[in-house]
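Data file: model-v7.csv. Format and content: CSV, C-alpha atoms and all ligand atoms.
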chain,number,residue,atom,x,y,z
A,1,MET,CA,0.0,0.0,0.0
A,2,LYS,CA,1.2,3.5,-0.9
A,3,ILE,CA,-0.4,6.4,0.8
A,4,TYR,CA,-0.7,9.9,-0.7
A,5,ARG,CA,-1.7,12.6,1.8
A,6,SER,CA,-3.2,15.9,0.7
A,7,GLU,CA,-3.9,19.0,2.7
A,8,ASP,CA,-7.5,19.1,1.8
A,9,GLU,CA,-10.2,17.7,-0.5
A,10,ARG,CA,-9.3,19.9,-3.4
A,11,GLU,CA,-5.7,18.8,-3.5
A,12,MET,CA,-6.8,15.2,-3.1
A,13,GLY,CA,-8.8,15.5,-6.3
A,14,MET,CA,-5.8,17.0,-8.1
A,15,ILE,CA,-3.5,14.2,-7.0
A,16,ALA,CA,-6.0,11.6,-8.0
A,17,ALA,CA,-6.6,13.2,-11.4
A,18,ASP,CA,-2.8,13.4,-12.1
A,19,LEU,CA,-2.6,9.6,-11.3
A,20,VAL,CA,-5.5,8.9,-13.8
A,21,ALA,CA,-3.8,11.1,-16.4
A,22,ALA,CA,-0.5,9.3,-15.9
A,23,GLN,CA,-2.3,6.0,-16.5
A,24,LEU,CA,-3.8,7.3,-19.7
A,25,ARG,CA,-0.5,8.7,-20.9
A,26,VAL,CA,1.2,5.3,-20.4
A,27,LYS,CA,-1.7,3.3,-21.8
A,28,PRO,CA,-4.1,5.5,-23.8
A,29,ASN,CA,-6.6,2.6,-24.2
A,30,SER,CA,-6.8,1.9,-20.5
A,31,LEU,CA,-9.9,0.4,-19.0
A,32,LEU,CA,-10.7,2.6,-16.0
A,33,GLY,CA,-13.0,1.4,-13.2
A,34,LEU,CA,-14.9,4.4,-11.9
A,35,ALA,CA,-16.8,5.4,-8.8
A,36,THR,CA,-19.5,7.8,-7.9
A,37,GLY,CA,-20.3,9.6,-4.6
A,38,SER,CA,-19.1,13.0,-3.4
A,39,THR,CA,-15.5,12.0,-2.9
A,40,PRO,CA,-14.4,11.7,-6.5
A,41,VAL,CA,-16.2,14.8,-7.7
A,42,GLY,CA,-13.0,17.0,-7.4
A,43,MET,CA,-11.0,14.4,-9.3
A,44,TYR,CA,-13.5,14.4,-12.2
A,45,GLU,CA,-13.5,18.2,-12.2
A,46,ALA,CA,-9.6,18.2,-12.4
A,47,LEU,CA,-9.7,15.6,-15.2
A,48,ALA,CA,-12.2,17.7,-17.2
A,49,GLU,CA,-9.9,20.6,-16.9
A,50,LEU,CA,-6.8,18.6,-17.9
A,51,CYS,CA,-8.7,17.2,-20.9
A,52,GLN,CA,-10.0,20.6,-22.0
A,53,ALA,CA,-6.4,21.9,-21.7
A,54,GLY,CA,-5.2,19.1,-24.0
A,55,LYS,CA,-3.2,17.5,-21.2
A,56,THR,CA,-5.0,14.2,-21.1
A,57,ASP,CA,-6.9,12.2,-23.6
A,58,PHE,CA,-9.8,9.8,-23.1
A,59,SER,CA,-10.4,9.1,-26.8
A,60,ALA,CA,-9.1,5.5,-26.6
A,61,ALA,CA,-10.2,4.8,-23.0
A,62,LYS,CA,-13.0,2.7,-21.8
A,63,THR,CA,-14.7,2.9,-18.4
A,64,VAL,CA,-16.8,0.6,-16.2
A,65,ASN,CA,-18.6,1.9,-13.2
A,66,LEU,CA,-19.0,0.1,-10.0
A,67,ASP,CA,-22.7,0.3,-9.3
A,68,GLU,CA,-26.2,1.6,-10.0
A,69,TYR,CA,-29.4,1.9,-8.0
A,70,VAL,CA,-32.0,-0.6,-8.9
A,71,SER,CA,-35.0,1.1,-10.6
A,72,LEU,CA,-33.3,4.4,-11.5
A,73,SER,CA,-33.1,5.1,-15.2
A,74,PRO,CA,-30.2,7.0,-16.9
A,75,GLU,CA,-32.4,10.1,-17.1
A,76,ASN,CA,-33.0,10.1,-13.3
A,77,GLU,CA,-30.8,12.8,-11.8
A,78,GLN,CA,-30.0,10.5,-8.8
A,79,SER,CA,-28.8,7.7,-11.0
A,80,TYR,CA,-25.1,7.0,-11.2
A,81,ARG,CA,-25.3,7.0,-15.0
A,82,TYR,CA,-26.6,10.6,-14.8
A,83,PHE,CA,-23.8,11.4,-12.3
A,84,MET,CA,-21.1,10.1,-14.6
A,85,GLN,CA,-22.5,12.0,-17.6
A,86,LYS,CA,-22.6,15.2,-15.7
A,87,HIS,CA,-19.3,15.0,-13.9
A,88,LEU,CA,-17.1,13.4,-16.5
A,89,PHE,CA,-18.4,11.8,-19.7
A,90,GLU,CA,-19.9,15.0,-21.1
A,91,ARG,CA,-16.8,17.0,-20.2
A,92,VAL,CA,-14.0,14.9,-21.7
A,93,ASN,CA,-13.4,13.3,-25.1
A,94,ILE,CA,-14.5,9.8,-24.2
A,95,LEU,CA,-16.7,8.0,-26.7
A,96,PRO,CA,-20.2,7.3,-25.3
A,97,ARG,CA,-20.1,3.7,-26.5
A,98,ASN,CA,-17.0,3.1,-24.4
A,99,THR,CA,-18.7,4.0,-21.0
A,100,PHE,CA,-20.4,1.3,-19.1
A,101,VAL,CA,-22.6,1.5,-16.0
A,102,PRO,CA,-24.8,-1.3,-14.7
A,103,ASP,CA,-28.4,-1.1,-15.9
A,104,GLY,CA,-30.7,0.0,-13.1
A,105,THR,CA,-33.9,-0.5,-15.1
A,106,ALA,CA,-33.4,-4.1,-16.2
A,107,ASP,CA,-34.4,-7.1,-14.2
A,108,PRO,CA,-31.7,-7.0,-11.5
A,109,ALA,CA,-30.6,-10.6,-12.0
A,110,VAL,CA,-30.3,-10.1,-15.7
A,111,ALA,CA,-28.4,-6.8,-15.2
A,112,CYS,CA,-25.9,-8.6,-13.0
A,113,LYS,CA,-25.3,-11.4,-15.5
A,114,ARG,CA,-24.9,-9.0,-18.4
A,115,TYR,CA,-22.5,-6.9,-16.4
A,116,ASP,CA,-20.3,-9.9,-15.6
A,117,GLU,CA,-20.3,-10.9,-19.3
A,118,LEU,CA,-19.3,-7.3,-20.1
A,119,LEU,CA,-16.5,-7.3,-17.6
A,120,ASP,CA,-15.3,-10.7,-18.9
A,121,SER,CA,-15.3,-9.3,-22.5
A,122,LEU,CA,-13.4,-6.1,-21.5
A,123,GLY,CA,-10.6,-7.9,-19.6
A,124,ARG,CA,-8.7,-6.7,-16.7
A,125,ILE,CA,-9.3,-3.2,-15.3
A,126,ASP,CA,-6.1,-1.1,-15.5
A,127,LEU,CA,-6.9,1.4,-12.8
A,128,GLN,CA,-9.8,1.0,-10.4
A,129,VAL,CA,-11.0,4.2,-8.5
A,130,LEU,CA,-12.9,3.6,-5.3
A,131,GLY,CA,-14.4,5.6,-2.5
A,132,ILE,CA,-15.2,4.1,0.9
A,133,GLY,CA,-18.4,4.1,2.9
A,134,ARG,CA,-18.4,4.8,6.6
A,135,ASN,CA,-19.1,1.1,7.1
A,136,GLY,CA,-16.2,0.1,5.0
A,137,HIS,CA,-18.1,-0.7,1.8
A,138,ILE,CA,-16.5,-0.4,-1.6
A,139,GLY,CA,-18.8,-0.1,-4.5
A,140,PHE,CA,-22.0,-1.3,-2.8
A,141,ASN,CA,-20.3,-4.3,-1.4
A,142,GLU,CA,-21.7,-3.9,2.1
A,143,PRO,CA,-20.3,-5.6,5.3
A,144,SER,CA,-21.4,-9.3,5.2
A,145,ASP,CA,-20.2,-12.8,6.1
A,146,ASP,CA,-18.2,-13.2,2.9
A,147,PHE,CA,-16.7,-11.3,0.0
A,148,PRO,CA,-19.1,-11.6,-3.0
A,149,CYS,CA,-17.0,-12.2,-6.1
A,150,ASP,CA,-19.4,-11.4,-8.9
A,151,THR,CA,-21.9,-8.6,-9.8
A,152,HIS,CA,-24.8,-9.0,-7.4
A,153,VAL,CA,-27.9,-7.3,-6.1
A,154,VAL,CA,-27.5,-5.8,-2.7
A,155,GLU,CA,-29.9,-4.6,0.0
A,156,LEU,CA,-28.4,-1.3,1.1
A,157,SER,CA,-27.5,-1.1,4.8
A,158,GLU,CA,-29.3,1.5,6.9
A,159,SER,CA,-26.1,3.5,7.3
A,160,THR,CA,-25.6,3.6,3.5
A,161,ILE,CA,-29.2,4.8,3.0
A,162,GLU,CA,-28.7,7.4,5.6
A,163,ALA,CA,-25.4,8.6,4.2
A,164,ASN,CA,-26.8,8.8,0.7
A,165,ALA,CA,-30.1,10.5,1.7
A,166,ARG,CA,-28.3,13.8,1.2
A,167,PHE,CA,-28.4,13.3,-2.5
A,168,PHE,CA,-32.2,12.8,-2.5
A,169,ALA,CA,-35.2,15.0,-1.5
A,170,SER,CA,-35.8,12.7,1.4
A,171,LYS,CA,-34.5,9.4,2.9
A,172,ALA,CA,-37.7,7.7,1.8
A,173,GLU,CA,-36.6,8.3,-1.8
A,174,VAL,CA,-33.3,6.5,-1.6
A,175,PRO,CA,-33.6,3.1,-3.4
A,176,ARG,CA,-33.2,0.2,-1.1
A,177,ARG,CA,-31.4,-2.0,-3.6
A,178,ALA,CA,-28.5,-1.6,-6.0
A,179,VAL,CA,-26.5,-3.7,-8.5
A,180,THR,CA,-22.8,-3.7,-7.7
A,181,MET,CA,-19.7,-5.1,-9.2
A,182,GLY,CA,-18.3,-7.8,-6.9
A,183,ILE,CA,-14.9,-7.9,-5.2
A,184,ARG,CA,-13.2,-10.1,-7.9
A,185,PRO,CA,-12.8,-7.5,-10.7
A,186,ILE,CA,-11.7,-4.9,-8.1
A,187,LEU,CA,-9.0,-7.0,-6.6
A,188,TYR,CA,-8.0,-8.2,-10.0
A,189,ALA,CA,-7.4,-4.7,-11.3
A,190,ARG,CA,-3.8,-3.9,-12.1
A,191,THR,CA,-3.9,-0.8,-9.8
A,192,VAL,CA,-6.5,0.2,-7.2
A,193,MET,CA,-6.7,3.8,-6.0
A,194,LEU,CA,-9.1,4.5,-3.1
A,195,LEU,CA,-10.0,8.2,-2.4
A,196,VAL,CA,-11.1,9.3,1.0
A,197,CYS,CA,-11.6,12.6,2.7
A,198,GLY,CA,-13.0,14.0,5.9
A,199,GLU,CA,-12.6,13.3,9.6
A,200,GLU,CA,-15.8,11.2,9.7
A,201,LYS,CA,-13.9,8.5,7.6
A,202,ALA,CA,-10.8,8.5,9.7
A,203,GLU,CA,-12.0,5.6,12.0
A,204,ILE,CA,-13.0,3.3,9.0
A,205,VAL,CA,-9.7,4.1,7.3
A,206,LYS,CA,-7.8,2.9,10.4
A,207,ARG,CA,-10.0,-0.3,10.7
A,208,ALA,CA,-9.8,-1.1,7.0
A,209,PHE,CA,-6.1,-0.7,6.4
A,210,THR,CA,-4.6,-1.5,9.8
A,211,GLY,CA,-7.1,-4.1,11.1
A,212,PRO,CA,-7.8,-7.6,10.1
A,213,VAL,CA,-8.9,-8.5,6.6
A,214,THR,CA,-12.6,-9.3,7.0
A,215,PRO,CA,-15.8,-9.1,5.0
A,216,ARG,CA,-17.3,-7.2,7.9
A,217,VAL,CA,-15.1,-4.4,6.6
A,218,PRO,CA,-15.1,-5.0,2.8
A,219,ALA,CA,-12.3,-2.4,2.0
A,220,SER,CA,-9.9,-4.4,4.2
A,221,ILE,CA,-9.4,-6.9,1.4
A,222,LEU,CA,-7.4,-4.2,-0.4
A,223,GLN,CA,-4.6,-5.0,2.0
A,224,LEU,CA,-4.0,-8.0,-0.2
A,225,HIS,CA,-3.7,-5.9,-3.4
A,226,PRO,CA,-0.1,-5.6,-4.6
A,227,ASN,CA,-0.6,-2.2,-6.1
A,228,PHE,CA,-2.9,-0.3,-3.9
A,229,LEU,CA,-2.8,3.5,-3.6
A,230,LEU,CA,-4.7,5.3,-0.8
A,231,VAL,CA,-5.2,9.0,-1.6
A,232,GLY,CA,-6.6,10.9,1.4
A,233,ASP,CA,-6.7,14.2,3.0
A,234,ARG,CA,-5.1,14.9,6.3
A,235,ALA,CA,-8.3,14.5,8.3
A,236,ALA,CA,-9.2,11.1,6.8
A,237,LEU,CA,-5.7,9.8,7.4
A,238,SER,CA,-5.3,11.3,10.8
A,239,LEU,CA,-5.6,8.0,12.8
A,240,LEU,CA,-2.9,6.2,10.7
A,241,ASP,CA,0.5,5.9,12.1
A,242,GLY,CA,2.5,8.8,10.5
A,243,SER,CA,5.3,6.4,9.4
A,244,MET,CA,2.8,4.8,6.9
A,245,VAL,CA,2.3,8.0,5.0
A,246,CYS,CA,4.7,9.1,2.4
B,301,LIG,P1,-19.0,9.4,-0.6
B,301,LIG,O1,-19.3,7.9,-0.7
B,301,LIG,O2,-17.9,9.7,-1.5
B,301,LIG,O3,-20.3,10.1,-1.0
B,301,LIG,O4,-18.7,9.6,0.8
B,301,LIG,C1,-18.3,6.9,-0.8
B,301,LIG,C2,-18.9,5.6,-0.8
B,301,LIG,O5,-20.0,5.3,-0.3
B,301,LIG,O6,-18.2,4.7,-1.4
Would you mind writing the file out in structure tokens?
Ligand code: PGA
Amino acid sequence: MKIYRSEDEREMGMIAADLVAAQLRVKPNSLLGLATGSTPVGMYEALAELCQAGKTDFSAAKTVNLDEYVSLSPENEQSYRYFMQKHLFERVNILPRNTFVPDGTADPAVACKRYDELLDSLGRIDLQVLGIGRNGHIGFNEPSDDFPCDTHVVELSESTIEANARFFASKAEVPRRAVTMGIRPILYARTVMLLVCGEEKAEIVKRAFTGPVTPRVPASILQLHPNFLLVGDRAALSLLDGSMVC
């Protein structure tokens, strides 16, 4: 694990964007695994600026997103497809046909099967971007008794519903289910980069990356990844031993 510490959220986004841009420079046709949520917004903003300035190029890249709410269509402003269009895809020179998000409107079991077939056909993810939930989830892989390998339907935990209610008019509107990529393609990615900011994530960062590897804290499995980058602000990394941070 390599840890990058930023002063604040803005700098975290710029560090993360530089790492994605470096990946695209080395391998223009990279397959990027992408995440939603508030944490990566600054990274997408910085990537859009780099692309508009001609400093990075998405024209040969492909992307696969981690998850989507069951029942939300791409036109729904709370859907993750809508989020990606708004924050990244419409602002960079990526080809629409090269962007993939699980289908929230299909029968969930069918959507899962199709997404695994898609992942198999695309091959190994080059750089997987992740956030982390306050309960340690990655994607929507919630704490459970085992690490689910394949794309699956998940009942969102109460803490996730509460955390995500801020994006909806009310908590009652947050979908209860989502389709999420499993742990296998994440762990199989060549590089994994997890972004985290804010004091409220400091405790879970400590548990995930210095505690035991357990499906009760899904992100803890990243301790097994040979090329894992943790990019966090000072507050989120505050409970880690200073010697771990470079
Ligand atoms: P957040 O979500 O970036 O909105 O905090 C992260 C996550 O739940 O993975």
Do a neighbour search on region 182-199 of chain A at 9 Å with only C-alpha atoms, toss out local chain neighbours closer than 5 positions, and write the hits as an MDAnalysis selection string. chainID A and resid 8:9 12:13 16 19 33 39:40 66 119 124:132 138:141 147:152 205 218 221:222 224:238
Considering only C-alpha atoms, state which residue in the set A:Val92, A:Phe167, A:Val41, A:Lys2 is at the smallest distance from Gln223 (chain A).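 Closest candidate: A:Lys2.
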Calculate how many Å separate CA of Pro102 (chain A) from CA of Asn164 (chain A), rounding to one decimal. 18.5 Å
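The list of residues with at least one atom within 6 Å of Ala48 (chain A), based on all atoms listed in the file and without residues fewer than 3 positions apart in the same chain, reads A:Glu45, A:Cys51, A:Arg91, A:Val92.
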From the set A:Ser6, A:Ser38, A:Thr180, A:Ser71, which residue has the shortest atom-to-atom contact distance to ligand LIG 301 (chain B), counting only C-alpha atoms and all ligand atoms?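 Going through A:Ser6, A:Ser38, A:Thr180, A:Ser71 one by one, the smallest distance to ligand LIG 301 (chain B) is for A:Ser38.
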File contents for region 215-240 of chain A with N, CA, C and O atoms as a JSON list (two decimals), in the first residue's frame:
[["chain", "number", "residue", "atom", "x", "y", "z"],
["A", 215, "PRO", "N", -14.67, -9.63, 5.74],
["A", 215, "PRO", "CA", -15.81, -9.12, 4.97],
["A", 215, "PRO", "C", -16.72, -8.22, 5.78],
["A", 215, "PRO", "O", -17.60, -7.58, 5.23],
["A", 216, "ARG", "N", -16.51, -8.15, 7.10],
["A", 216, "ARG", "CA", -17.27, -7.18, 7.90],
["A", 216, "ARG", "C", -16.80, -5.77, 7.58],
["A", 216, "ARG", "O", -17.48, -4.80, 7.86],
["A", 217, "VAL", "N", -15.58, -5.66, 7.04],
["A", 217, "VAL", "CA", -15.05, -4.36, 6.56],
["A", 217, "VAL", "C", -14.56, -4.61, 5.13],
["A", 217, "VAL", "O", -13.38, -4.89, 4.91],
["A", 218, "PRO", "N", -15.46, -4.54, 4.13],
["A", 218, "PRO", "CA", -15.08, -4.98, 2.78],
["A", 218, "PRO", "C", -13.80, -4.36, 2.24],
["A", 218, "PRO", "O", -13.01, -5.03, 1.57],
["A", 219, "ALA", "N", -13.54, -3.08, 2.53],
["A", 219, "ALA", "CA", -12.33, -2.44, 1.98],
["A", 219, "ALA", "C", -11.05, -3.08, 2.51],
["A", 219, "ALA", "O", -9.98, -2.91, 1.91],
["A", 220, "SER", "N", -11.15, -3.81, 3.62],
["A", 220, "SER", "CA", -9.93, -4.39, 4.20],
["A", 220, "SER", "C", -9.25, -5.36, 3.24],
["A", 220, "SER", "O", -8.05, -5.60, 3.33],
["A", 221, "ILE", "N", -10.01, -5.90, 2.29],
["A", 221, "ILE", "CA", -9.41, -6.87, 1.35],
["A", 221, "ILE", "C", -8.34, -6.20, 0.48],
["A", 221, "ILE", "O", -7.45, -6.87, -0.06],
["A", 222, "LEU", "N", -8.40, -4.89, 0.38],
["A", 222, "LEU", "CA", -7.40, -4.18, -0.44],
["A", 222, "LEU", "C", -6.00, -4.30, 0.17],
["A", 222, "LEU", "O", -5.01, -4.05, -0.52],
["A", 223, "GLN", "N", -5.91, -4.70, 1.42],
["A", 223, "GLN", "CA", -4.58, -4.96, 2.00],
["A", 223, "GLN", "C", -3.85, -6.05, 1.23],
["A", 223, "GLN", "O", -2.63, -6.13, 1.28],
["A", 224, "LEU", "N", -4.63, -6.90, 0.53],
["A", 224, "LEU", "CA", -4.02, -8.01, -0.22],
["A", 224, "LEU", "C", -3.59, -7.58, -1.62],
["A", 224, "LEU", "O", -2.97, -8.36, -2.34],
["A", 225, "HIS", "N", -3.96, -6.35, -2.02],
["A", 225, "HIS", "CA", -3.66, -5.94, -3.40],
["A", 225, "HIS", "C", -2.22, -5.47, -3.51],
["A", 225, "HIS", "O", -1.75, -4.66, -2.70],
["A", 226, "PRO", "N", -1.48, -5.97, -4.51],
["A", 226, "PRO", "CA", -0.06, -5.63, -4.61],
["A", 226, "PRO", "C", 0.20, -4.19, -5.06],
["A", 226, "PRO", "O", 1.33, -3.70, -4.92],
["A", 227, "ASN", "N", -0.80, -3.54, -5.61],
["A", 227, "ASN", "CA", -0.57, -2.19, -6.14],
["A", 227, "ASN", "C", -1.73, -1.29, -5.73],
["A", 227, "ASN", "O", -2.52, -0.85, -6.56],
["A", 228, "PHE", "N", -1.79, -1.05, -4.43],
["A", 228, "PHE", "CA", -2.92, -0.31, -3.86],
["A", 228, "PHE", "C", -2.47, 1.09, -3.41],
["A", 228, "PHE", "O", -1.54, 1.22, -2.62],
["A", 229, "LEU", "N", -3.15, 2.12, -3.94],
["A", 229, "LEU", "CA", -2.84, 3.51, -3.60],
["A", 229, "LEU", "C", -3.99, 4.07, -2.76],
["A", 229, "LEU", "O", -5.15, 4.01, -3.18],
["A", 230, "LEU", "N", -3.67, 4.61, -1.62],
["A", 230, "LEU", "CA", -4.67, 5.28, -0.78],
["A", 230, "LEU", "C", -4.40, 6.78, -0.87],
["A", 230, "LEU", "O", -3.30, 7.23, -0.52],
["A", 231, "VAL", "N", -5.36, 7.52, -1.40],
["A", 231, "VAL", "CA", -5.19, 8.96, -1.56],
["A", 231, "VAL", "C", -6.19, 9.64, -0.64],
["A", 231, "VAL", "O", -7.41, 9.54, -0.85],
["A", 232, "GLY", "N", -5.70, 10.30, 0.40],
["A", 232, "GLY", "CA", -6.62, 10.88, 1.36],
["A", 232, "GLY", "C", -6.17, 12.24, 1.86],
["A", 232, "GLY", "O", -5.00, 12.60, 1.74],
["A", 233, "ASP", "N", -7.14, 12.97, 2.39],
["A", 233, "ASP", "CA", -6.74, 14.25, 2.99],
["A", 233, "ASP", "C", -6.26, 14.00, 4.43],
["A", 233, "ASP", "O", -6.40, 12.90, 4.98],
["A", 234, "ARG", "N", -5.68, 15.04, 4.98],
["A", 234, "ARG", "CA", -5.06, 14.95, 6.30],
["A", 234, "ARG", "C", -6.05, 14.43, 7.35],
["A", 234, "ARG", "O", -5.71, 13.59, 8.19],
["A", 235, "ALA", "N", -7.31, 14.91, 7.27],
["A", 235, "ALA", "CA", -8.31, 14.52, 8.27],
["A", 235, "ALA", "C", -8.63, 13.02, 8.19],
["A", 235, "ALA", "O", -8.69, 12.33, 9.21],
["A", 236, "ALA", "N", -8.83, 12.52, 6.98],
["A", 236, "ALA", "CA", -9.20, 11.11, 6.82],
["A", 236, "ALA", "C", -8.06, 10.17, 7.22],
["A", 236, "ALA", "O", -8.31, 9.04, 7.64],
["A", 237, "LEU", "N", -6.83, 10.64, 7.07],
["A", 237, "LEU", "CA", -5.67, 9.77, 7.38],
["A", 237, "LEU", "C", -5.15, 10.01, 8.80],
["A", 237, "LEU", "O", -4.13, 9.44, 9.18],
["A", 238, "SER", "N", -5.87, 10.81, 9.57],
["A", 238, "SER", "CA", -5.33, 11.29, 10.84],
["A", 238, "SER", "C", -5.10, 10.19, 11.87],
["A", 238, "SER", "O", -4.30, 10.36, 12.78],
["A", 239, "LEU", "N", -5.80, 9.05, 11.75],
["A", 239, "LEU", "CA", -5.61, 8.00, 12.76],
["A", 239, "LEU", "C", -4.60, 6.93, 12.31],
["A", 239, "LEU", "O", -4.38, 5.96, 13.02],
["A", 240, "LEU", "N", -4.00, 7.14, 11.14],
["A", 240, "LEU", "CA", -2.95, 6.20, 10.70],
["A", 240, "LEU", "C", -1.63, 6.61, 11.32],
["A", 240, "LEU", "O", -1.36, 7.79, 11.53]]
